[in-house]
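Raw run37.cif, mmCIF, C-alpha atoms:
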```cif
data_model
#
loop_
_atom_site.label_atom_id
_atom_site.label_comp_id
_atom_site.auth_asym_id
_atom_site.auth_seq_id
_atom_site.Cartn_x
_atom_site.Cartn_y
_atom_site.Cartn_z
CA PRO X 1 -139.17 -109.19 -174.75
CA ASN X 2 -140.43 -109.07 -178.34
CA SER X 3 -139.23 -112.52 -179.39
CA ALA X 4 -138.97 -116.14 -178.23
CA GLN X 5 -136.97 -119.27 -179.04
CA VAL X 6 -138.71 -122.65 -179.27
CA ALA X 7 -137.15 -126.10 -179.67
CA ALA X 8 -138.00 -128.36 -182.61
CA VAL X 9 -140.35 -130.43 -180.44
CA GLY X 10 -142.68 -127.41 -180.17
CA GLY X 11 -144.07 -125.74 -177.08
CA THR X 12 -146.22 -123.00 -175.63
CA GLY X 13 -145.71 -119.45 -174.46
CA ASN X 14 -147.32 -116.19 -173.42
CA VAL X 15 -147.13 -112.53 -174.39
CA ALA X 16 -148.17 -109.85 -171.91
CA VAL X 17 -150.17 -106.96 -173.37
CA THR X 18 -149.99 -103.58 -171.68
CA ALA X 19 -152.70 -101.17 -172.85
CA ALA X 20 -154.79 -98.37 -171.44
CA SER X 21 -158.06 -99.31 -169.78
CA GLY X 22 -160.80 -99.64 -172.40
CA CYS X 23 -158.30 -99.81 -175.28
CA SER X 24 -159.14 -102.82 -177.46
CA TRP X 25 -156.59 -105.00 -179.26
CA THR X 26 -156.25 -108.26 -181.18
CA ALA X 27 -153.64 -110.99 -181.60
CA ALA X 28 -153.06 -113.01 -184.77
CA SER X 29 -150.46 -115.40 -186.17
CA SER X 30 -148.74 -115.02 -189.53
CA VAL X 31 -148.14 -118.78 -189.96
CA THR X 32 -150.15 -121.97 -189.55
CA TRP X 33 -147.66 -123.61 -187.15
CA ILE X 34 -148.19 -120.91 -184.49
CA ILE X 35 -151.69 -120.82 -183.02
CA VAL X 36 -153.14 -118.23 -180.65
CA THR X 37 -154.79 -120.41 -178.01
CA ALA X 38 -156.10 -117.67 -175.69
CA GLY X 39 -156.32 -113.88 -175.79
CA ALA X 40 -157.08 -113.42 -179.50
CA SER X 41 -158.73 -110.13 -178.48
CA GLY X 42 -159.09 -108.05 -175.37
CA THR X 43 -159.14 -104.62 -173.75
CA GLY X 44 -156.61 -103.09 -171.42
CA ASN X 45 -153.89 -105.28 -169.93
CA GLY X 46 -154.04 -109.00 -170.59
CA PRO X 47 -152.17 -112.14 -171.66
CA VAL X 48 -151.95 -113.79 -175.07
CA SER X 49 -151.18 -117.52 -175.12
CA TYR X 50 -149.82 -119.40 -178.10
CA SER X 51 -148.71 -122.89 -179.09
CA VAL X 52 -146.02 -123.88 -181.57
CA ALA X 53 -146.26 -127.15 -183.51
CA ALA X 54 -143.30 -129.52 -183.82
CA ASN X 55 -140.84 -128.73 -186.61
CA THR X 56 -140.14 -131.94 -188.50
CA GLY X 57 -137.77 -130.25 -190.93
CA THR X 58 -134.05 -129.88 -190.33
CA SER X 59 -133.97 -126.10 -190.89
CA SER X 60 -135.01 -123.49 -188.36
CA ARG X 61 -138.02 -121.30 -189.09
CA THR X 62 -139.40 -117.97 -187.93
CA GLY X 63 -142.99 -116.79 -187.62
CA THR X 64 -144.64 -113.79 -186.03
CA LEU X 65 -147.57 -112.82 -183.89
CA THR X 66 -149.11 -109.39 -184.31
CA VAL X 67 -150.25 -108.41 -180.83
CA ALA X 68 -151.85 -105.02 -180.21
CA GLY X 69 -150.20 -103.75 -183.38
CA GLN X 70 -146.74 -104.93 -182.30
CA THR X 71 -144.72 -107.76 -183.84
CA PHE X 72 -143.61 -110.68 -181.67
CA SER X 73 -141.15 -113.03 -183.42
CA ILE X 74 -140.88 -116.76 -182.70
CA THR X 75 -137.86 -118.71 -183.98
CA GLN X 76 -137.98 -122.50 -183.87
CA GLY X 77 -135.01 -124.82 -184.25
CA GLY X 78 -134.89 -127.60 -186.83
CA ALA X 79 -135.35 -131.25 -186.00
CA SER X 80 -132.36 -133.46 -185.30
CA ALA X 81 -132.17 -137.23 -185.10
CA ASN X 82 -130.44 -136.81 -181.76
CA LEU X 83 -128.75 -133.82 -180.13
CA LEU X 84 -126.57 -136.23 -178.17
CA VAL X 85 -123.54 -138.23 -179.23
CA ASN X 86 -123.67 -142.00 -178.74
CA GLY X 87 -127.04 -141.96 -176.97
CA GLY X 88 -127.35 -145.72 -177.45
CA PHE X 89 -123.90 -146.40 -175.91
CA GLU X 90 -122.86 -148.54 -178.89
CA GLN X 91 -119.34 -147.11 -178.83
CA PRO X 92 -116.62 -148.10 -177.99
CA ALA X 93 -118.25 -151.57 -178.19
CA VAL X 94 -115.82 -153.25 -175.78
CA GLU X 95 -117.26 -154.14 -172.38
CA ARG X 96 -115.60 -152.54 -169.37
CA LEU X 97 -116.80 -152.66 -165.79
CA GLY X 98 -116.10 -150.23 -162.97
CA LEU X 99 -115.54 -147.05 -164.99
CA THR X 100 -114.51 -144.48 -162.39
CA GLN X 101 -115.35 -140.80 -161.95
CA GLY X 102 -113.79 -138.74 -164.72
CA SER X 103 -113.70 -141.60 -167.23
CA THR X 104 -114.43 -140.70 -170.87
CA TYR X 105 -114.21 -144.30 -172.06
CA ILE X 106 -117.75 -144.07 -173.51
CA PRO X 107 -117.53 -141.53 -176.40
CA GLY X 108 -119.61 -138.42 -175.76
CA TRP X 109 -120.10 -139.22 -172.07
CA VAL X 110 -118.17 -138.65 -168.86
CA VAL X 111 -118.58 -140.55 -165.61
CA THR X 112 -119.39 -137.85 -163.05
CA ARG X 113 -119.89 -139.84 -159.82
CA ASP X 114 -118.42 -143.02 -158.34
CA THR X 115 -118.47 -145.89 -160.89
CA VAL X 116 -120.62 -147.30 -163.69
CA ASP X 117 -120.52 -150.55 -165.69
CA TYR X 118 -120.44 -150.51 -169.50
CA GLN X 119 -121.81 -153.94 -170.28
CA THR X 120 -123.13 -156.34 -172.91
CA SER X 121 -122.74 -159.80 -171.34
CA TRP X 122 -125.04 -159.56 -168.29
CA PHE X 123 -128.30 -158.32 -169.79
CA THR X 124 -129.99 -158.07 -173.17
CA CYS X 125 -130.06 -154.35 -173.91
CA PRO X 126 -133.18 -152.87 -175.55
CA GLU X 127 -131.29 -150.91 -178.24
CA GLY X 128 -128.17 -152.39 -179.79
CA ARG X 129 -125.74 -154.55 -177.80
CA PHE X 130 -124.49 -152.22 -175.05
CA CYS X 131 -126.11 -150.43 -172.11
CA LEU X 132 -125.14 -149.14 -168.65
CA ASP X 133 -125.53 -150.21 -165.05
CA LEU X 134 -125.25 -146.96 -163.10
CA ASP X 135 -124.07 -148.89 -160.03
CA GLY X 136 -120.52 -149.97 -160.81
CA ASN X 137 -118.23 -152.38 -158.97
CA PRO X 138 -119.20 -151.04 -156.49
CA GLY X 139 -120.64 -147.56 -156.37
CA ALA X 140 -123.72 -145.53 -157.23
CA GLY X 141 -122.49 -143.63 -160.27
CA ALA X 142 -123.60 -141.12 -162.84
CA ILE X 143 -122.87 -140.12 -166.42
CA SER X 144 -123.28 -136.80 -168.20
CA GLN X 145 -123.00 -135.20 -171.61
CA THR X 146 -122.76 -131.53 -172.57
CA PHE X 147 -124.64 -130.44 -175.69
CA THR X 148 -125.77 -127.30 -177.50
CA THR X 149 -129.09 -125.76 -176.47
CA THR X 150 -131.13 -122.61 -177.05
CA PRO X 151 -131.71 -120.56 -173.88
CA GLY X 152 -135.39 -120.51 -172.97
CA ALA X 153 -136.26 -123.46 -175.20
CA SER X 154 -137.81 -126.67 -173.86
CA TYR X 155 -136.23 -130.06 -174.48
CA ALA X 156 -137.94 -133.42 -174.02
CA VAL X 157 -135.42 -136.13 -173.09
CA SER X 158 -136.32 -139.77 -173.67
CA PHE X 159 -134.52 -142.83 -172.33
CA VAL X 160 -135.09 -146.53 -171.85
CA TRP X 161 -134.32 -147.98 -168.43
CA ALA X 162 -134.81 -150.93 -166.10
CA GLY X 163 -133.07 -152.30 -163.00
CA ASN X 164 -130.40 -154.87 -162.19
CA MET X 165 -132.41 -157.46 -160.26
CA ASP X 166 -129.38 -159.53 -159.19
CA CYS X 167 -129.06 -157.78 -155.81
CA ALA X 168 -130.62 -155.17 -153.55
CA PRO X 169 -132.23 -152.73 -153.49
CA ALA X 170 -135.31 -154.08 -155.23
CA VAL X 171 -136.48 -150.57 -156.10
CA LYS X 172 -133.90 -148.69 -158.15
CA ARG X 173 -133.88 -144.91 -158.09
CA MET X 174 -132.45 -142.65 -160.77
CA ARG X 175 -132.23 -138.85 -161.04
CA VAL X 176 -132.21 -136.98 -164.36
CA ARG X 177 -130.75 -133.50 -164.11
CA ALA X 178 -130.17 -130.57 -166.50
CA ALA X 179 -130.08 -126.76 -166.39
CA GLY X 180 -130.68 -126.61 -162.63
CA GLN X 181 -133.79 -128.80 -162.91
CA GLN X 182 -134.19 -132.45 -161.98
CA SER X 183 -136.65 -135.31 -161.67
CA ASP X 184 -136.42 -138.65 -159.87
CA PHE X 185 -137.58 -141.99 -161.29
CA THR X 186 -138.13 -145.37 -159.62
CA PHE X 187 -138.13 -148.89 -161.06
CA ASP X 188 -139.30 -151.94 -159.09
CA THR X 189 -137.38 -155.09 -160.04
CA THR X 190 -139.66 -157.40 -158.03
CA GLY X 191 -140.59 -160.35 -160.22
CA ARG X 192 -138.16 -159.36 -162.96
CA SER X 193 -135.57 -161.66 -164.51
CA ARG X 194 -133.01 -161.57 -167.29
CA SER X 195 -135.67 -162.94 -169.63
CA ASN X 196 -138.25 -160.43 -168.38
CA MET X 197 -136.37 -157.18 -167.80
CA GLY X 198 -139.34 -154.85 -168.09
CA TRP X 199 -137.47 -152.15 -169.99
CA THR X 200 -139.46 -148.90 -169.75
CA THR X 201 -139.34 -145.68 -171.75
CA GLY X 202 -139.02 -142.57 -169.61
CA THR X 203 -139.41 -138.94 -170.65
CA TRP X 204 -138.50 -135.70 -168.97
CA THR X 205 -138.72 -132.08 -170.14
CA PHE X 206 -136.47 -129.22 -169.07
CA THR X 207 -135.96 -125.60 -170.11
CA ALA X 208 -132.46 -124.62 -171.19
CA ALA X 209 -130.83 -121.70 -169.42
CA ALA X 210 -127.68 -121.34 -171.54
CA ALA X 211 -126.15 -122.08 -174.94
CA THR X 212 -124.78 -125.37 -173.60
CA THR X 213 -126.41 -127.75 -171.11
CA VAL X 214 -125.11 -130.68 -169.09
CA LEU X 215 -127.51 -133.64 -168.99
CA GLU X 216 -126.82 -136.10 -166.17
CA PHE X 217 -128.25 -139.50 -165.21
CA GLN X 218 -127.45 -140.41 -161.59
CA SER X 219 -128.07 -143.52 -159.51
CA LEU X 220 -129.59 -142.69 -156.13
CA ASP X 221 -128.69 -146.07 -154.61
CA LEU X 222 -126.38 -146.40 -151.61
CA ALA X 223 -122.68 -145.91 -152.25
CA ALA X 224 -121.66 -149.57 -151.85
CA THR X 225 -124.29 -151.11 -154.13
CA THR X 226 -123.45 -152.98 -157.34
CA CYS X 227 -126.91 -153.57 -158.85
CA GLY X 228 -128.41 -150.31 -160.01
CA PRO X 229 -130.54 -148.59 -162.61
CA LEU X 230 -129.88 -149.82 -166.15
CA LEU X 231 -129.84 -147.18 -168.90
CA ASP X 232 -129.98 -147.21 -172.70
CA ASP X 233 -131.17 -145.30 -175.79
CA VAL X 234 -131.00 -141.70 -174.56
CA GLY X 235 -132.41 -139.26 -177.08
CA TRP X 236 -135.29 -136.93 -177.98
#
```

Take the structure from the file and write it as C-alpha coordinates.
Amino acid sequence: PNSAQVAAVGGTGNVAVTAASGCSWTAASSVTWIIVTAGASGTGNGPVSYSVAANTGTSSRTGTLTVAGQTFSITQGGASANLLVNGGFEQPAVERLGLTQGSTYIPGWVVTRDTVDYQTSWFTCPEGRFCLDLDGNPGAGAISQTFTTTPGASYAVSFVWAGNMDCAPAVKRMRVRAAGQQSDFTFDTTGRSRSNMGWTTGTWTFTAAAATTVLEFQSLDLAATTCGPLLDDVGW
(Lines of atoms letter the chains of each structure in order from A and count residues from 1; the text may use other names and numbers.)
(Lines give C-alpha, C1' and ligand atoms only; values in the text may rest on other atoms or scores of the structure.)
Protein backbone atom coordinates (compact mmCIF):
# COMPACT_ATOMS: atom_id res chain seq x y z
CA PRO A 1 0.00 0.00 0.00
CA ASN A 2 1.06 3.60 -0.60
CA SER A 3 -0.99 5.17 2.19
CA ALA A 4 -2.04 4.72 5.82
CA GLN A 5 -4.78 5.92 8.18
CA VAL A 6 -3.92 6.97 11.73
CA ALA A 7 -6.28 7.88 14.59
CA ALA A 8 -6.15 11.28 16.29
CA VAL A 9 -4.25 9.80 19.25
CA GLY A 10 -1.26 9.18 16.96
CA GLY A 11 0.65 5.98 16.34
CA THR A 12 3.47 4.26 14.52
CA GLY A 13 3.89 2.37 11.28
CA ASN A 14 6.29 0.89 8.76
CA VAL A 15 6.93 1.10 5.03
CA ALA A 16 8.71 -1.73 3.24
CA VAL A 17 11.27 -0.67 0.63
CA THR A 18 11.99 -2.99 -2.27
CA ALA A 19 15.13 -2.05 -4.20
CA ALA A 20 17.91 -3.75 -6.09
CA SER A 21 20.94 -4.86 -4.12
CA GLY A 22 23.38 -1.96 -3.75
CA CYS A 23 20.76 0.63 -4.76
CA SER A 24 20.74 3.42 -2.18
CA TRP A 25 17.65 5.35 -1.05
CA THR A 26 16.43 7.83 1.56
CA ALA A 27 13.23 8.50 3.48
CA ALA A 28 12.01 11.93 4.60
CA SER A 29 8.84 13.49 6.00
CA SER A 30 7.09 16.52 4.53
CA VAL A 31 5.59 17.62 7.88
CA THR A 32 6.79 18.04 11.46
CA TRP A 33 4.12 15.76 12.97
CA ILE A 34 5.41 12.70 11.08
CA ILE A 35 8.91 11.60 12.10
CA VAL A 36 11.06 8.93 10.46
CA THR A 37 12.27 6.95 13.47
CA ALA A 38 14.33 4.29 11.65
CA GLY A 39 15.44 3.67 8.08
CA ALA A 40 16.10 7.27 7.01
CA SER A 41 18.53 5.81 4.47
CA GLY A 42 19.55 2.40 3.23
CA THR A 43 20.51 0.16 0.33
CA GLY A 44 18.54 -2.67 -1.20
CA ASN A 45 15.46 -3.98 0.59
CA GLY A 46 14.68 -2.59 4.02
CA PRO A 47 12.06 -1.12 6.37
CA VAL A 48 11.27 2.51 7.16
CA SER A 49 9.62 3.19 10.53
CA TYR A 50 7.69 6.34 11.37
CA SER A 51 5.73 7.86 14.23
CA VAL A 52 2.75 10.20 14.05
CA ALA A 53 2.10 12.76 16.80
CA ALA A 54 -1.35 13.22 18.32
CA ASN A 55 -3.70 15.54 16.42
CA THR A 56 -5.25 17.94 18.92
CA GLY A 57 -7.27 19.74 16.27
CA THR A 58 -10.75 18.70 15.21
CA SER A 59 -9.96 18.51 11.48
CA SER A 60 -8.19 15.63 9.76
CA ARG A 61 -4.78 16.22 8.20
CA THR A 62 -2.59 14.58 5.59
CA GLY A 63 1.20 14.42 5.34
CA THR A 64 3.59 12.45 3.19
CA LEU A 65 6.78 10.48 3.38
CA THR A 66 9.08 10.37 0.37
CA VAL A 67 10.60 6.90 0.44
CA ALA A 68 13.00 5.80 -2.29
CA GLY A 69 11.54 8.48 -4.55
CA GLN A 70 7.96 7.31 -3.97
CA THR A 71 5.24 9.15 -2.06
CA PHE A 72 3.58 7.49 0.93
CA SER A 73 0.54 9.40 2.25
CA ILE A 74 -0.59 9.39 5.88
CA THR A 75 -4.04 10.72 6.80
CA GLN A 76 -4.83 11.36 10.45
CA GLY A 77 -8.29 11.89 11.91
CA GLY A 78 -9.21 14.93 13.97
CA ALA A 79 -9.60 14.87 17.72
CA SER A 80 -12.98 14.32 19.31
CA ALA A 81 -14.06 14.84 22.89
CA ASN A 82 -15.46 11.32 22.82
CA LEU A 83 -16.29 8.98 19.95
CA LEU A 84 -18.88 7.31 22.16
CA VAL A 85 -22.36 8.43 23.16
CA ASN A 86 -23.11 8.70 26.89
CA GLY A 87 -19.74 7.31 27.98
CA GLY A 88 -20.36 8.53 31.52
CA PHE A 89 -23.79 6.81 31.72
CA GLU A 90 -25.47 10.04 32.89
CA GLN A 91 -28.54 9.35 30.75
CA PRO A 92 -31.37 8.44 31.27
CA ALA A 93 -30.62 9.47 34.89
CA VAL A 94 -33.26 7.20 36.46
CA GLU A 95 -31.90 4.20 38.35
CA ARG A 96 -32.96 0.79 37.10
CA LEU A 97 -31.63 -2.56 38.24
CA GLY A 98 -31.58 -5.86 36.37
CA LEU A 99 -31.47 -4.56 32.80
CA THR A 100 -31.71 -7.70 30.68
CA GLN A 101 -29.99 -8.76 27.46
CA GLY A 102 -31.16 -6.62 24.56
CA SER A 103 -32.07 -3.62 26.73
CA THR A 104 -31.34 -0.17 25.26
CA TYR A 105 -32.47 1.67 28.38
CA ILE A 106 -29.06 3.40 28.64
CA PRO A 107 -28.82 5.71 25.56
CA GLY A 108 -26.03 4.68 23.21
CA TRP A 109 -25.54 1.29 24.86
CA VAL A 110 -27.11 -2.15 24.57
CA VAL A 111 -27.00 -4.91 27.17
CA THR A 112 -25.43 -7.85 25.33
CA ARG A 113 -25.25 -10.56 28.01
CA ASP A 114 -27.36 -11.54 31.02
CA THR A 115 -28.14 -8.49 33.23
CA VAL A 116 -26.54 -5.26 34.45
CA ASP A 117 -27.52 -2.69 37.09
CA TYR A 118 -27.79 1.02 36.23
CA GLN A 119 -27.32 2.58 39.63
CA THR A 120 -26.76 5.75 41.64
CA SER A 121 -27.89 4.84 45.18
CA TRP A 122 -25.44 2.06 46.12
CA PHE A 123 -22.06 3.61 45.35
CA THR A 124 -20.54 7.04 44.77
CA CYS A 125 -19.62 7.04 41.08
CA PRO A 126 -16.33 8.67 40.03
CA GLU A 127 -17.83 10.72 37.17
CA GLY A 128 -21.29 12.20 37.55
CA ARG A 129 -24.06 10.44 39.48
CA PHE A 130 -24.57 7.17 37.58
CA CYS A 131 -22.41 4.12 36.86
CA LEU A 132 -22.86 0.39 36.15
CA ASP A 133 -22.55 -2.87 38.03
CA LEU A 134 -21.93 -5.43 35.29
CA ASP A 135 -23.38 -8.17 37.51
CA GLY A 136 -27.12 -7.57 37.58
CA ASN A 137 -29.83 -9.12 39.75
CA PRO A 138 -28.43 -11.70 39.22
CA GLY A 139 -26.19 -12.35 36.26
CA ALA A 140 -22.76 -11.59 34.83
CA GLY A 141 -23.67 -9.12 32.11
CA ALA A 142 -22.12 -6.99 29.42
CA ILE A 143 -22.78 -3.76 27.54
CA SER A 144 -21.68 -2.63 24.09
CA GLN A 145 -21.75 0.35 21.79
CA THR A 146 -21.16 0.55 18.04
CA PHE A 147 -19.24 3.58 16.76
CA THR A 148 -17.48 4.85 13.64
CA THR A 149 -13.83 3.87 13.14
CA THR A 150 -11.14 4.04 10.48
CA PRO A 151 -9.92 0.60 9.33
CA GLY A 152 -6.29 0.08 10.29
CA ALA A 153 -6.27 2.92 12.83
CA SER A 154 -5.46 2.39 16.51
CA TYR A 155 -7.84 3.50 19.25
CA ALA A 156 -6.97 3.87 22.93
CA VAL A 157 -10.01 3.24 25.13
CA SER A 158 -10.04 4.60 28.67
CA PHE A 159 -12.45 3.71 31.46
CA VAL A 160 -12.76 4.02 35.22
CA TRP A 161 -13.67 0.89 37.15
CA ALA A 162 -13.78 -0.76 40.56
CA GLY A 163 -15.63 -3.69 42.14
CA ASN A 164 -18.79 -4.26 44.16
CA MET A 165 -17.36 -5.43 47.48
CA ASP A 166 -20.74 -6.38 49.00
CA CYS A 167 -20.45 -10.05 47.99
CA ALA A 168 -18.19 -12.61 46.33
CA PRO A 169 -16.05 -12.98 44.38
CA ALA A 170 -13.47 -10.71 45.98
CA VAL A 171 -11.54 -10.42 42.73
CA LYS A 172 -13.70 -9.05 39.92
CA ARG A 173 -12.82 -9.84 36.33
CA MET A 174 -13.80 -7.81 33.29
CA ARG A 175 -13.12 -8.31 29.57
CA VAL A 176 -12.86 -5.44 27.08
CA ARG A 177 -13.43 -6.51 23.50
CA ALA A 178 -13.42 -4.81 20.07
CA ALA A 179 -12.59 -5.67 16.46
CA GLY A 180 -11.77 -9.30 17.25
CA GLN A 181 -9.29 -8.29 19.97
CA GLN A 182 -9.73 -8.44 23.73
CA SER A 183 -8.01 -7.94 27.06
CA ASP A 184 -8.95 -9.07 30.57
CA PHE A 185 -8.69 -6.91 33.70
CA THR A 186 -8.88 -7.83 37.40
CA PHE A 187 -9.80 -5.74 40.44
CA ASP A 188 -9.30 -6.95 44.02
CA THR A 189 -11.97 -5.60 46.38
CA THR A 190 -10.20 -6.88 49.52
CA GLY A 191 -10.13 -4.08 52.07
CA ARG A 192 -12.39 -1.84 49.99
CA SER A 193 -15.53 -0.15 51.28
CA ARG A 194 -18.14 2.28 50.03
CA SER A 195 -16.01 5.11 51.42
CA ASN A 196 -12.84 3.66 49.88
CA MET A 197 -13.86 2.27 46.49
CA GLY A 198 -10.44 2.40 44.88
CA TRP A 199 -11.70 3.53 41.49
CA THR A 200 -8.98 2.88 38.90
CA THR A 201 -8.43 4.18 35.38
CA GLY A 202 -7.88 1.46 32.81
CA THR A 203 -6.69 1.81 29.22
CA TRP A 204 -6.71 -0.56 26.29
CA THR A 205 -5.68 -0.09 22.65
CA PHE A 206 -7.12 -1.92 19.65
CA THR A 207 -6.80 -1.66 15.88
CA ALA A 208 -10.02 -1.16 13.93
CA ALA A 209 -10.81 -3.61 11.16
CA ALA A 210 -13.89 -1.94 9.67
CA ALA A 211 -15.73 1.37 9.30
CA THR A 212 -17.77 0.56 12.41
CA THR A 213 -16.63 -1.24 15.56
CA VAL A 214 -18.49 -2.78 18.50
CA LEU A 215 -16.86 -2.05 21.87
CA GLU A 216 -17.98 -4.39 24.66
CA PHE A 217 -17.36 -4.52 28.41
CA GLN A 218 -18.15 -7.96 29.87
CA SER A 219 -18.19 -9.32 33.41
CA LEU A 220 -16.33 -12.63 33.68
CA ASP A 221 -17.93 -13.54 37.01
CA LEU A 222 -20.10 -16.63 37.45
CA ALA A 223 -23.60 -16.48 36.02
CA ALA A 224 -25.44 -16.27 39.37
CA THR A 225 -23.38 -13.47 40.93
CA THR A 226 -24.82 -10.07 41.83
CA CYS A 227 -21.68 -8.13 42.85
CA GLY A 228 -19.51 -7.48 39.84
CA PRO A 229 -17.17 -5.06 38.13
CA LEU A 230 -18.29 -1.43 38.39
CA LEU A 231 -17.84 0.73 35.28
CA ASP A 232 -17.92 4.46 34.53
CA ASP A 233 -16.47 7.23 32.33
CA VAL A 234 -15.71 5.31 29.13
CA GLY A 235 -13.89 7.44 26.58
CA TRP A 236 -10.58 8.15 24.82

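Under the PyMOL selection byres ((chain X and resi 177) around 6), the matching residues in the shown file are Val176, Ala178, Gln181, Gln182, Leu215 and Glu216 of chain X.
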
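On the file presented, the PyMOL selection byres ((chain X and resi 83) around 12) picks out Ala7, Ala8, Gly77, Gly78, Ala79, Ser80, Ala81, Asn82, Leu84, Val85, Asn86, Gly87, Gly108, Gln145, Thr146, Phe147, Thr148, Thr149, Thr150, Tyr155, Ala156, Val157, Ser158, Thr212, Thr213, Leu215, Val234, Gly235 and Trp236 of chain X.
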
From (-131.5, -157.9, -161.7), in the file's coordinates, out to 12 Å: which residues are reached, counting all atoms listed in the file? Answer as a PDB file with C-alpha atoms, in the frame of the given file.
```
ATOM      1  CA  TRP X 122    -125.040-159.560-168.290  1.00  0.00           C
ATOM      2  CA  PHE X 123    -128.300-158.320-169.790  1.00  0.00           C
ATOM      3  CA  THR X 124    -129.990-158.070-173.170  1.00  0.00           C
ATOM      4  CA  ASP X 133    -125.530-150.210-165.050  1.00  0.00           C
ATOM      5  CA  ASP X 135    -124.070-148.890-160.030  1.00  0.00           C
ATOM      6  CA  ALA X 162    -134.810-150.930-166.100  1.00  0.00           C
ATOM      7  CA  GLY X 163    -133.070-152.300-163.000  1.00  0.00           C
ATOM      8  CA  ASN X 164    -130.400-154.870-162.190  1.00  0.00           C
ATOM      9  CA  MET X 165    -132.410-157.460-160.260  1.00  0.00           C
ATOM     10  CA  ASP X 166    -129.380-159.530-159.190  1.00  0.00           C
ATOM     11  CA  CYS X 167    -129.060-157.780-155.810  1.00  0.00           C
ATOM     12  CA  ALA X 168    -130.620-155.170-153.550  1.00  0.00           C
ATOM     13  CA  PRO X 169    -132.230-152.730-153.490  1.00  0.00           C
ATOM     14  CA  ALA X 170    -135.310-154.080-155.230  1.00  0.00           C
ATOM     15  CA  VAL X 171    -136.480-150.570-156.100  1.00  0.00           C
ATOM     16  CA  LYS X 172    -133.900-148.690-158.150  1.00  0.00           C
ATOM     17  CA  PHE X 187    -138.130-148.890-161.060  1.00  0.00           C
ATOM     18  CA  ASP X 188    -139.300-151.940-159.090  1.00  0.00           C
ATOM     19  CA  THR X 189    -137.380-155.090-160.040  1.00  0.00           C
ATOM     20  CA  THR X 190    -139.660-157.400-158.030  1.00  0.00           C
ATOM     21  CA  GLY X 191    -140.590-160.350-160.220  1.00  0.00           C
ATOM     22  CA  ARG X 192    -138.160-159.360-162.960  1.00  0.00           C
ATOM     23  CA  SER X 193    -135.570-161.660-164.510  1.00  0.00           C
ATOM     24  CA  ARG X 194    -133.010-161.570-167.290  1.00  0.00           C
ATOM     25  CA  SER X 195    -135.670-162.940-169.630  1.00  0.00           C
ATOM     26  CA  ASN X 196    -138.250-160.430-168.380  1.00  0.00           C
ATOM     27  CA  MET X 197    -136.370-157.180-167.800  1.00  0.00           C
ATOM     28  CA  GLY X 198    -139.340-154.850-168.090  1.00  0.00           C
ATOM     29  CA  TRP X 199    -137.470-152.150-169.990  1.00  0.00           C
ATOM     30  CA  THR X 226    -123.450-152.980-157.340  1.00  0.00           C
ATOM     31  CA  CYS X 227    -126.910-153.570-158.850  1.00  0.00           C
ATOM     32  CA  GLY X 228    -128.410-150.310-160.010  1.00  0.00           C
ATOM     33  CA  PRO X 229    -130.540-148.590-162.610  1.00  0.00           C
ATOM     34  CA  LEU X 230    -129.880-149.820-166.150  1.00  0.00           C
TER      35      LEU X 230
END
```

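Note on the selection: in this file the PyMOL selection byres ((chain X and resi 61) around 9) comes out as X:Asn55, X:Ser59, X:Ser60, X:Thr62, X:Gly63, X:Ile74, X:Thr75, X:Gln76, X:Gly77, X:Gly78.
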
Worksheet item: Closest to Ile34 of chain X among X:Cys131, X:Ala208, X:Ala54, X:Val9, using all atoms listed in the file?
Response: X:Ala54

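Each of X:Ala93, X:Val214, X:Leu231, X:Ala153 was checked against Leu132 of chain X using only C-alpha atoms; the smallest atom-to-atom distance is that of X:Leu231.
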
Taking 2 positions as the minimum chain separation for residues in the same chain, which residues sit within 12 Å of Glu90 of chain X when counting all atoms listed in the file? Answer as a PDB file with C-alpha atoms, keeping the file's coordinate frame.
```
ATOM      1  CA  VAL X  85    -123.540-138.230-179.230  1.00  0.00           C
ATOM      2  CA  ASN X  86    -123.670-142.000-178.740  1.00  0.00           C
ATOM      3  CA  GLY X  87    -127.040-141.960-176.970  1.00  0.00           C
ATOM      4  CA  GLY X  88    -127.350-145.720-177.450  1.00  0.00           C
ATOM      5  CA  PRO X  92    -116.620-148.100-177.990  1.00  0.00           C
ATOM      6  CA  ALA X  93    -118.250-151.570-178.190  1.00  0.00           C
ATOM      7  CA  VAL X  94    -115.820-153.250-175.780  1.00  0.00           C
ATOM      8  CA  GLU X  95    -117.260-154.140-172.380  1.00  0.00           C
ATOM      9  CA  TYR X 105    -114.210-144.300-172.060  1.00  0.00           C
ATOM     10  CA  ILE X 106    -117.750-144.070-173.510  1.00  0.00           C
ATOM     11  CA  PRO X 107    -117.530-141.530-176.400  1.00  0.00           C
ATOM     12  CA  GLY X 108    -119.610-138.420-175.760  1.00  0.00           C
ATOM     13  CA  TRP X 109    -120.100-139.220-172.070  1.00  0.00           C
ATOM     14  CA  TYR X 118    -120.440-150.510-169.500  1.00  0.00           C
ATOM     15  CA  GLN X 119    -121.810-153.940-170.280  1.00  0.00           C
ATOM     16  CA  THR X 120    -123.130-156.340-172.910  1.00  0.00           C
ATOM     17  CA  CYS X 125    -130.060-154.350-173.910  1.00  0.00           C
ATOM     18  CA  PRO X 126    -133.180-152.870-175.550  1.00  0.00           C
ATOM     19  CA  GLU X 127    -131.290-150.910-178.240  1.00  0.00           C
ATOM     20  CA  GLY X 128    -128.170-152.390-179.790  1.00  0.00           C
ATOM     21  CA  ARG X 129    -125.740-154.550-177.800  1.00  0.00           C
ATOM     22  CA  PHE X 130    -124.490-152.220-175.050  1.00  0.00           C
ATOM     23  CA  CYS X 131    -126.110-150.430-172.110  1.00  0.00           C
ATOM     24  CA  LEU X 132    -125.140-149.140-168.650  1.00  0.00           C
ATOM     25  CA  ASP X 232    -129.980-147.210-172.700  1.00  0.00           C
ATOM     26  CA  ASP X 233    -131.170-145.300-175.790  1.00  0.00           C
ATOM     27  CA  VAL X 234    -131.000-141.700-174.560  1.00  0.00           C
TER      28      VAL X 234
END
```
